[in-house]
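One file, structure-v6.cif, is given below (mmCIF, N, CA and C atoms).
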```
data_target
loop_
_atom_site.group_PDB
_atom_site.id
_atom_site.type_symbol
_atom_site.label_atom_id
_atom_site.label_comp_id
_atom_site.auth_asym_id
_atom_site.auth_seq_id
_atom_site.Cartn_x
_atom_site.Cartn_y
_atom_site.Cartn_z
ATOM 1 N N VAL E 302 -164.490 79.644 6.258
ATOM 2 C CA VAL E 302 -165.478 78.619 6.030
ATOM 3 C C VAL E 302 -166.150 78.834 4.678
ATOM 4 N N THR E 303 -166.505 80.072 4.357
ATOM 5 C CA THR E 303 -167.176 80.319 3.078
ATOM 6 C C THR E 303 -166.238 80.091 1.899
ATOM 7 N N SER E 304 -164.919 80.262 2.098
ATOM 8 C CA SER E 304 -163.988 80.013 1.000
ATOM 9 C C SER E 304 -163.915 78.526 0.652
ATOM 10 N N LEU E 305 -164.326 77.672 1.564
ATOM 11 C CA LEU E 305 -164.363 76.237 1.307
ATOM 12 C C LEU E 305 -165.668 75.807 0.654
ATOM 13 N N GLY E 306 -166.567 76.758 0.458
ATOM 14 C CA GLY E 306 -167.842 76.426 -0.154
ATOM 15 C C GLY E 306 -168.877 75.930 0.841
ATOM 16 N N ILE E 307 -168.594 76.117 2.107
ATOM 17 C CA ILE E 307 -169.522 75.691 3.146
ATOM 18 C C ILE E 307 -170.295 76.917 3.632
ATOM 19 N N SER E 308 -171.593 76.775 3.656
ATOM 20 C CA SER E 308 -172.397 77.900 4.139
ATOM 21 C C SER E 308 -172.777 77.675 5.598
ATOM 22 N N LEU E 309 -172.940 78.772 6.294
ATOM 23 C CA LEU E 309 -173.351 78.710 7.686
ATOM 24 C C LEU E 309 -174.843 78.960 7.786
ATOM 25 N N ARG E 310 -175.509 78.138 8.552
ATOM 26 C CA ARG E 310 -176.948 78.322 8.764
ATOM 27 C C ARG E 310 -177.162 79.261 9.931
ATOM 28 N N LYS E 311 -178.151 80.092 9.775
ATOM 29 C CA LYS E 311 -178.530 80.940 10.896
ATOM 30 C C LYS E 311 -179.265 80.071 11.908
ATOM 31 N N PRO E 312 -179.070 80.331 13.183
ATOM 32 C CA PRO E 312 -179.821 79.551 14.173
ATOM 33 C C PRO E 312 -181.311 79.864 14.078
ATOM 34 N N ASN E 313 -182.103 78.879 14.398
ATOM 35 C CA ASN E 313 -183.539 79.051 14.348
ATOM 36 C C ASN E 313 -183.958 80.088 15.379
ATOM 37 N N ALA E 314 -184.662 81.130 14.964
ATOM 38 C CA ALA E 314 -185.045 82.220 15.847
ATOM 39 C C ALA E 314 -186.281 81.881 16.675
ATOM 40 N N ARG E 315 -186.926 80.775 16.375
ATOM 41 C CA ARG E 315 -188.126 80.405 17.119
ATOM 42 C C ARG E 315 -187.755 79.801 18.470
ATOM 43 N N THR E 316 -188.232 80.426 19.506
ATOM 44 C CA THR E 316 -188.098 79.869 20.839
ATOM 45 C C THR E 316 -189.417 80.083 21.558
ATOM 46 N N LYS E 317 -189.793 79.121 22.335
ATOM 47 C CA LYS E 317 -191.042 79.213 23.064
ATOM 48 C C LYS E 317 -190.868 80.161 24.240
ATOM 49 N N ALA E 318 -191.845 81.026 24.427
ATOM 50 C CA ALA E 318 -191.809 81.930 25.564
ATOM 51 C C ALA E 318 -191.874 81.121 26.853
ATOM 52 N N PRO E 319 -191.199 81.570 27.908
ATOM 53 C CA PRO E 319 -191.228 80.818 29.160
ATOM 54 C C PRO E 319 -192.634 80.697 29.754
ATOM 55 N N PHE E 320 -193.479 81.710 29.511
ATOM 56 C CA PHE E 320 -194.820 81.700 30.080
ATOM 57 C C PHE E 320 -195.692 82.642 29.268
ATOM 58 N N ALA E 321 -196.887 82.176 28.888
ATOM 59 C CA ALA E 321 -197.788 82.992 28.084
ATOM 60 C C ALA E 321 -199.235 82.771 28.506
ATOM 61 N N ALA E 322 -200.031 83.813 28.350
ATOM 62 C CA ALA E 322 -201.470 83.739 28.629
ATOM 63 C C ALA E 322 -202.201 84.278 27.417
ATOM 64 N N LYS E 323 -203.298 83.608 27.031
ATOM 65 C CA LYS E 323 -204.106 84.094 25.918
ATOM 66 C C LYS E 323 -205.574 83.821 26.223
ATOM 67 N N PRO E 324 -206.453 84.631 25.667
ATOM 68 C CA PRO E 324 -207.887 84.414 25.903
ATOM 69 C C PRO E 324 -208.334 83.074 25.325
ATOM 70 N N ALA E 325 -209.233 82.412 26.028
ATOM 71 C CA ALA E 325 -209.819 81.168 25.527
ATOM 72 C C ALA E 325 -211.030 81.514 24.673
ATOM 73 N N ALA E 326 -211.624 80.515 24.065
ATOM 74 C CA ALA E 326 -212.781 80.728 23.196
ATOM 75 C C ALA E 326 -214.032 81.103 23.989
ATOM 76 N N VAL E 327 -214.026 80.852 25.293
ATOM 77 C CA VAL E 327 -215.187 81.094 26.147
ATOM 78 C C VAL E 327 -214.963 82.362 26.966
ATOM 79 N N THR E 328 -215.997 83.144 27.171
ATOM 80 C CA THR E 328 -215.897 84.348 27.993
ATOM 81 C C THR E 328 -215.504 83.975 29.415
ATOM 82 N N GLY E 329 -214.566 84.728 29.977
ATOM 83 C CA GLY E 329 -214.129 84.485 31.343
ATOM 84 C C GLY E 329 -213.137 83.358 31.492
ATOM 85 N N ALA E 330 -212.506 82.949 30.406
ATOM 86 C CA ALA E 330 -211.535 81.859 30.457
ATOM 87 C C ALA E 330 -210.222 82.284 29.813
ATOM 88 N N VAL E 331 -209.124 81.748 30.331
ATOM 89 C CA VAL E 331 -207.785 82.063 29.846
ATOM 90 C C VAL E 331 -206.995 80.763 29.733
ATOM 91 N N VAL E 332 -206.190 80.650 28.687
ATOM 92 C CA VAL E 332 -205.306 79.499 28.497
ATOM 93 C C VAL E 332 -203.894 79.928 28.878
ATOM 94 N N LEU E 333 -203.281 79.202 29.809
ATOM 95 C CA LEU E 333 -201.917 79.471 30.251
ATOM 96 C C LEU E 333 -201.001 78.376 29.745
ATOM 97 N N THR E 334 -199.841 78.764 29.224
ATOM 98 C CA THR E 334 -198.871 77.819 28.703
ATOM 99 C C THR E 334 -197.492 78.186 29.234
ATOM 100 N N ALA E 335 -196.787 77.200 29.784
ATOM 101 C CA ALA E 335 -195.447 77.414 30.315
ATOM 102 C C ALA E 335 -194.461 76.502 29.592
ATOM 103 N N ARG E 336 -193.200 76.857 29.649
ATOM 104 C CA ARG E 336 -192.169 75.988 29.099
ATOM 105 C C ARG E 336 -192.037 74.787 30.036
ATOM 106 N N ALA E 337 -192.020 73.593 29.477
ATOM 107 C CA ALA E 337 -191.979 72.370 30.273
ATOM 108 C C ALA E 337 -190.703 72.315 31.107
ATOM 109 N N ALA E 338 -190.845 71.871 32.353
ATOM 110 C CA ALA E 338 -189.712 71.782 33.272
ATOM 111 C C ALA E 338 -189.043 70.420 33.231
ATOM 112 N N GLY E 339 -189.651 69.460 32.573
ATOM 113 C CA GLY E 339 -189.072 68.120 32.480
ATOM 114 C C GLY E 339 -190.160 67.080 32.324
ATOM 115 N N ALA E 340 -189.721 65.840 32.175
ATOM 116 C CA ALA E 340 -190.672 64.757 31.932
ATOM 117 C C ALA E 340 -191.538 64.468 33.154
ATOM 118 N N ARG E 341 -190.989 64.593 34.333
ATOM 119 C CA ARG E 341 -191.741 64.280 35.558
ATOM 120 C C ARG E 341 -191.871 65.544 36.390
ATOM 121 N N ALA E 342 -192.779 66.414 35.979
ATOM 122 C CA ALA E 342 -192.988 67.675 36.687
ATOM 123 C C ALA E 342 -194.479 67.929 36.827
ATOM 124 N N SER E 343 -194.812 68.693 37.841
ATOM 125 C CA SER E 343 -196.173 69.191 37.976
ATOM 126 C C SER E 343 -196.084 70.715 38.043
ATOM 127 N N TYR E 344 -197.226 71.360 37.860
ATOM 128 C CA TYR E 344 -197.244 72.810 37.753
ATOM 129 C C TYR E 344 -198.330 73.383 38.648
ATOM 130 N N ASP E 345 -197.973 74.391 39.432
ATOM 131 C CA ASP E 345 -198.918 75.123 40.260
ATOM 132 C C ASP E 345 -199.245 76.428 39.540
ATOM 133 N N TRP E 346 -200.508 76.819 39.573
ATOM 134 C CA TRP E 346 -200.984 77.998 38.859
ATOM 135 C C TRP E 346 -201.728 78.920 39.819
ATOM 136 N N GLU E 347 -201.587 80.219 39.634
ATOM 137 C CA GLU E 347 -202.323 81.200 40.433
ATOM 138 C C GLU E 347 -202.716 82.385 39.563
ATOM 139 N N TRP E 348 -203.769 83.096 40.000
ATOM 140 C CA TRP E 348 -204.190 84.305 39.308
ATOM 141 C C TRP E 348 -204.583 85.364 40.336
ATOM 142 N N SER E 349 -204.492 86.621 39.909
ATOM 143 C CA SER E 349 -204.818 87.743 40.779
ATOM 144 C C SER E 349 -205.537 88.806 39.962
ATOM 145 N N SER E 350 -206.566 89.402 40.545
ATOM 146 C CA SER E 350 -207.272 90.489 39.861
ATOM 147 C C SER E 350 -207.067 91.824 40.574
ATOM 148 N N ASP E 351 -206.198 91.844 41.595
ATOM 149 C CA ASP E 351 -205.963 93.092 42.336
ATOM 150 C C ASP E 351 -204.504 93.536 42.272
ATOM 151 N N GLY E 352 -203.870 93.300 41.154
ATOM 152 C CA GLY E 352 -202.493 93.750 40.963
ATOM 153 C C GLY E 352 -201.455 92.919 41.699
ATOM 154 N N GLY E 353 -201.790 91.706 42.075
ATOM 155 C CA GLY E 353 -200.832 90.826 42.718
ATOM 156 C C GLY E 353 -200.819 90.906 44.232
ATOM 157 N N HIS E 354 -201.773 91.597 44.833
ATOM 158 C CA HIS E 354 -201.827 91.669 46.294
ATOM 159 C C HIS E 354 -202.308 90.353 46.893
ATOM 160 N N THR E 355 -203.307 89.739 46.263
ATOM 161 C CA THR E 355 -203.783 88.425 46.698
ATOM 162 C C THR E 355 -203.811 87.503 45.493
ATOM 163 N N TRP E 356 -203.518 86.225 45.719
ATOM 164 C CA TRP E 356 -203.459 85.241 44.642
ATOM 165 C C TRP E 356 -204.444 84.119 44.920
ATOM 166 N N THR E 357 -205.130 83.685 43.868
ATOM 167 C CA THR E 357 -206.071 82.574 43.948
ATOM 168 C C THR E 357 -205.440 81.356 43.289
ATOM 169 N N GLN E 358 -205.363 80.254 44.029
ATOM 170 C CA GLN E 358 -204.765 79.039 43.491
ATOM 171 C C GLN E 358 -205.739 78.326 42.568
ATOM 172 N N VAL E 359 -205.166 77.664 41.573
ATOM 173 C CA VAL E 359 -205.909 76.830 40.635
ATOM 174 C C VAL E 359 -205.369 75.410 40.811
ATOM 175 N N LEU E 360 -206.172 74.408 40.469
ATOM 176 C CA LEU E 360 -205.707 73.029 40.616
ATOM 177 C C LEU E 360 -204.397 72.807 39.859
ATOM 178 N N PRO E 361 -203.431 72.127 40.477
ATOM 179 C CA PRO E 361 -202.173 71.839 39.792
ATOM 180 C C PRO E 361 -202.389 70.865 38.633
ATOM 181 N N THR E 362 -201.462 70.884 37.677
ATOM 182 C CA THR E 362 -201.544 69.999 36.516
ATOM 183 C C THR E 362 -200.233 69.244 36.346
ATOM 184 N N LEU E 363 -200.291 68.178 35.549
ATOM 185 C CA LEU E 363 -199.090 67.407 35.214
ATOM 186 C C LEU E 363 -198.537 67.797 33.852
ATOM 187 N N VAL E 364 -199.181 68.736 33.183
ATOM 188 C CA VAL E 364 -198.712 69.258 31.903
ATOM 189 C C VAL E 364 -198.518 70.765 32.045
ATOM 190 N N ALA E 365 -197.720 71.337 31.159
ATOM 191 C CA ALA E 365 -197.363 72.744 31.254
ATOM 192 C C ALA E 365 -198.393 73.650 30.577
ATOM 193 N N LYS E 366 -199.660 73.261 30.660
ATOM 194 C CA LYS E 366 -200.729 74.040 30.044
ATOM 195 C C LYS E 366 -202.004 73.827 30.849
ATOM 196 N N THR E 367 -202.771 74.897 31.028
ATOM 197 C CA THR E 367 -204.048 74.780 31.720
ATOM 198 C C THR E 367 -204.993 75.868 31.238
ATOM 199 N N THR E 368 -206.280 75.653 31.463
ATOM 200 C CA THR E 368 -207.299 76.658 31.168
ATOM 201 C C THR E 368 -207.980 77.018 32.475
ATOM 202 N N ILE E 369 -208.017 78.301 32.756
ATOM 203 C CA ILE E 369 -208.697 78.793 33.951
ATOM 204 C C ILE E 369 -210.023 79.385 33.503
ATOM 205 N N THR E 370 -211.112 78.939 34.104
ATOM 206 C CA THR E 370 -212.442 79.436 33.764
ATOM 207 C C THR E 370 -213.033 80.166 34.966
ATOM 208 N N GLY E 371 -214.120 80.867 34.726
ATOM 209 C CA GLY E 371 -214.811 81.560 35.807
ATOM 210 C C GLY E 371 -214.159 82.850 36.233
ATOM 211 N N LEU E 372 -213.304 83.402 35.390
ATOM 212 C CA LEU E 372 -212.656 84.678 35.705
ATOM 213 C C LEU E 372 -213.614 85.825 35.424
ATOM 214 N N PRO E 373 -213.472 86.937 36.141
ATOM 215 C CA PRO E 373 -214.346 88.087 35.887
ATOM 216 C C PRO E 373 -214.035 88.702 34.518
ATOM 217 N N ALA E 374 -215.053 88.822 33.673
ATOM 218 C CA ALA E 374 -214.867 89.373 32.325
ATOM 219 C C ALA E 374 -214.530 90.858 32.394
ATOM 220 N N ALA E 375 -213.811 91.329 31.391
ATOM 221 C CA ALA E 375 -213.413 92.745 31.259
ATOM 222 C C ALA E 375 -212.586 93.206 32.453
ATOM 223 N N THR E 376 -211.788 92.303 33.015
ATOM 224 C CA THR E 376 -210.938 92.615 34.154
ATOM 225 C C THR E 376 -209.494 92.298 33.799
ATOM 226 N N THR E 377 -208.577 93.147 34.232
ATOM 227 C CA THR E 377 -207.160 92.874 34.048
ATOM 228 C C THR E 377 -206.709 91.922 35.150
ATOM 229 N N CYS E 378 -206.186 90.779 34.746
ATOM 230 C CA CYS E 378 -205.730 89.765 35.704
ATOM 231 C C CYS E 378 -204.260 89.458 35.466
ATOM 232 N N GLN E 379 -203.596 89.036 36.525
ATOM 233 C CA GLN E 379 -202.223 88.561 36.438
ATOM 234 C C GLN E 379 -202.215 87.062 36.698
ATOM 235 N N PHE E 380 -201.283 86.378 36.056
ATOM 236 C CA PHE E 380 -201.165 84.933 36.180
ATOM 237 C C PHE E 380 -199.709 84.578 36.428
ATOM 238 N N ARG E 381 -199.489 83.520 37.199
ATOM 239 C CA ARG E 381 -198.126 83.033 37.432
ATOM 240 C C ARG E 381 -198.164 81.525 37.646
ATOM 241 N N PHE E 382 -196.993 80.904 37.552
ATOM 242 C CA PHE E 382 -196.889 79.460 37.748
ATOM 243 C C PHE E 382 -195.553 79.136 38.400
ATOM 244 N N ARG E 383 -195.459 77.935 38.896
ATOM 245 C CA ARG E 383 -194.181 77.382 39.349
ATOM 246 C C ARG E 383 -194.201 75.885 39.061
ATOM 247 N N SER E 384 -193.026 75.327 38.881
ATOM 248 C CA SER E 384 -192.931 73.899 38.596
ATOM 249 C C SER E 384 -192.433 73.162 39.832
ATOM 250 N N VAL E 385 -192.840 71.902 39.915
ATOM 251 C CA VAL E 385 -192.415 71.030 41.008
ATOM 252 C C VAL E 385 -191.792 69.785 40.368
ATOM 253 N N THR E 386 -190.514 69.565 40.637
ATOM 254 C CA THR E 386 -189.797 68.403 40.116
ATOM 255 C C THR E 386 -189.162 67.662 41.290
ATOM 256 N N LYS E 387 -188.476 66.573 40.990
ATOM 257 C CA LYS E 387 -187.813 65.831 42.059
ATOM 258 C C LYS E 387 -186.692 66.658 42.696
ATOM 259 N N ALA E 388 -186.217 67.679 41.984
ATOM 260 C CA ALA E 388 -185.184 68.561 42.534
ATOM 261 C C ALA E 388 -185.765 69.587 43.507
ATOM 262 N N GLY E 389 -187.087 69.771 43.471
ATOM 263 C CA GLY E 389 -187.716 70.714 44.385
ATOM 264 C C GLY E 389 -188.727 71.603 43.683
ATOM 265 N N VAL E 390 -189.120 72.640 44.385
ATOM 266 C CA VAL E 390 -190.127 73.582 43.889
ATOM 267 C C VAL E 390 -189.418 74.832 43.385
ATOM 268 N N SER E 391 -189.757 75.268 42.177
ATOM 269 C CA SER E 391 -189.137 76.476 41.621
ATOM 270 C C SER E 391 -189.770 77.721 42.236
ATOM 271 N N ASP E 392 -189.162 78.857 41.991
ATOM 272 C CA ASP E 392 -189.755 80.136 42.378
ATOM 273 C C ASP E 392 -190.946 80.406 41.476
ATOM 274 N N TRP E 393 -191.840 81.283 41.917
ATOM 275 C CA TRP E 393 -192.962 81.679 41.060
ATOM 276 C C TRP E 393 -192.417 82.446 39.866
ATOM 277 N N SER E 394 -193.041 82.272 38.725
ATOM 278 C CA SER E 394 -192.644 82.986 37.516
ATOM 279 C C SER E 394 -192.986 84.466 37.651
ATOM 280 N N GLN E 395 -192.446 85.253 36.752
ATOM 281 C CA GLN E 395 -192.861 86.651 36.671
ATOM 282 C C GLN E 395 -194.329 86.656 36.219
ATOM 283 N N PRO E 396 -195.159 87.481 36.809
ATOM 284 C CA PRO E 396 -196.572 87.496 36.406
ATOM 285 C C PRO E 396 -196.754 87.976 34.970
ATOM 286 N N VAL E 397 -197.739 87.398 34.307
ATOM 287 C CA VAL E 397 -198.158 87.812 32.972
ATOM 288 C C VAL E 397 -199.532 88.446 33.118
ATOM 289 N N THR E 398 -199.723 89.600 32.490
ATOM 290 C CA THR E 398 -200.975 90.337 32.617
ATOM 291 C C THR E 398 -201.792 90.205 31.347
ATOM 292 N N LEU E 399 -203.114 90.036 31.508
ATOM 293 C CA LEU E 399 -204.025 89.886 30.382
ATOM 294 C C LEU E 399 -205.394 90.425 30.774
ATOM 295 N N VAL E 400 -206.061 91.099 29.848
ATOM 296 C CA VAL E 400 -207.442 91.521 30.066
ATOM 297 C C VAL E 400 -208.328 90.355 29.681
ATOM 298 N N VAL E 401 -209.102 89.870 30.631
ATOM 299 C CA VAL E 401 -209.984 88.725 30.408
ATOM 300 C C VAL E 401 -211.153 89.158 29.551
ATOM 301 N N LYS E 402 -211.437 88.411 28.495
ATOM 302 C CA LYS E 402 -212.540 88.728 27.590
ATOM 303 C C LYS E 402 -213.822 88.135 28.083
#
```
Please express what this file holds, its structure, as structure tokens.
Amino acid sequence: VTSLGISLRKPNARTKAPFAAKPAAVTGAVVLTARAAGARASYDWEWSSDGGHTWTQVLPTLVAKTTITGLPAATTCQFRFRSVTKAGVSDWSQPVTLVVK
């Protein structure tokens, strides 16, 4: 290919993480972002402050992003999500851990 004067492009290395959590601008709040499951999907969200033994549900959303407020500050929390599409309900994601500011 290079002998013909054609160069090969490297594939774009940017890919969105399947699930991420980051501190929000407000104390005790976290922004969760998931990879979209499709045009017509909803998302269930949960968090745990005891290492995943018990989970607290958060209101579901129609977008792959939500902000959870009222979390205990200076606490390590885990977060997870699942998507709901016309094909059914997905498994819960692997938990993401974050220290709440």
Q: Report as a ChimeraX atom specification: the residues of chain E with a DSSP assignment of strand (DSSP E), based on the backbone of this structure.
A: /E:320-324,331-335,343-349,357-362,366-369,377-386,389-390,397-400
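Between Arg341 of chain E and the residues E:Ser391, E:Thr398, E:Thr386, E:Thr355, the shortest atom-to-atom distance, using only N, CA and C atoms, involves E:Thr386.
Atom pair atom CA of Trp346 of chain E / atom CA of Val359 of chain E: separated by 5.4 Å.
With distances taken over all atoms listed in the file, E:Phe380 is the one residue among E:Phe380, E:His354, E:Thr370, E:Asp392 lying closest to Ala322 of chain E.
Between atom CA of Trp393 of chain E and atom CA of Asp345 of chain E the separation is 8.9 Å.
Here the question is which of E:Leu360, E:Val397, E:Val390, E:Ala375 gets nearest to Ala318 of chain E using only C-alpha atoms, and that residue is E:Val397.
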**Q.** Distance in Å - atom CA of Cys378 of chain E versus atom CA of Val331 of chain E
**A.** 9.9 Å
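Using all atoms listed in the file for every distance, the candidate list E:Ala374, E:Ala325, E:Ala330, E:Val385 yields E:Val385 as the residue closest to Ala342 of chain E.
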Around all the atoms of segment 382-399 of chain E listed in the file, draw an axis-aligned box and extend it by 3 Å on each of the six sides; I want its centre and edge lengths in Å to one decimal, as JSON.
```
{"center_x": -195.3, "center_y": 78.1, "center_z": 37.4, "size_x": 26.2, "size_y": 30.6, "size_z": 20.0}
```
**Q.** Residue nearest Ala365 of chain E - candidates E:Lys402, E:Ser394, E:Ala337, E:Pro319, atoms counted: only C-alpha atoms
**A.** E:Ala337
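The shortest atom-to-atom distance to Thr334 of chain E, with all atoms listed in the file taken into account, belongs to E:Thr368 out of E:Thr368, E:Ser350, E:Thr377, E:Ser384.
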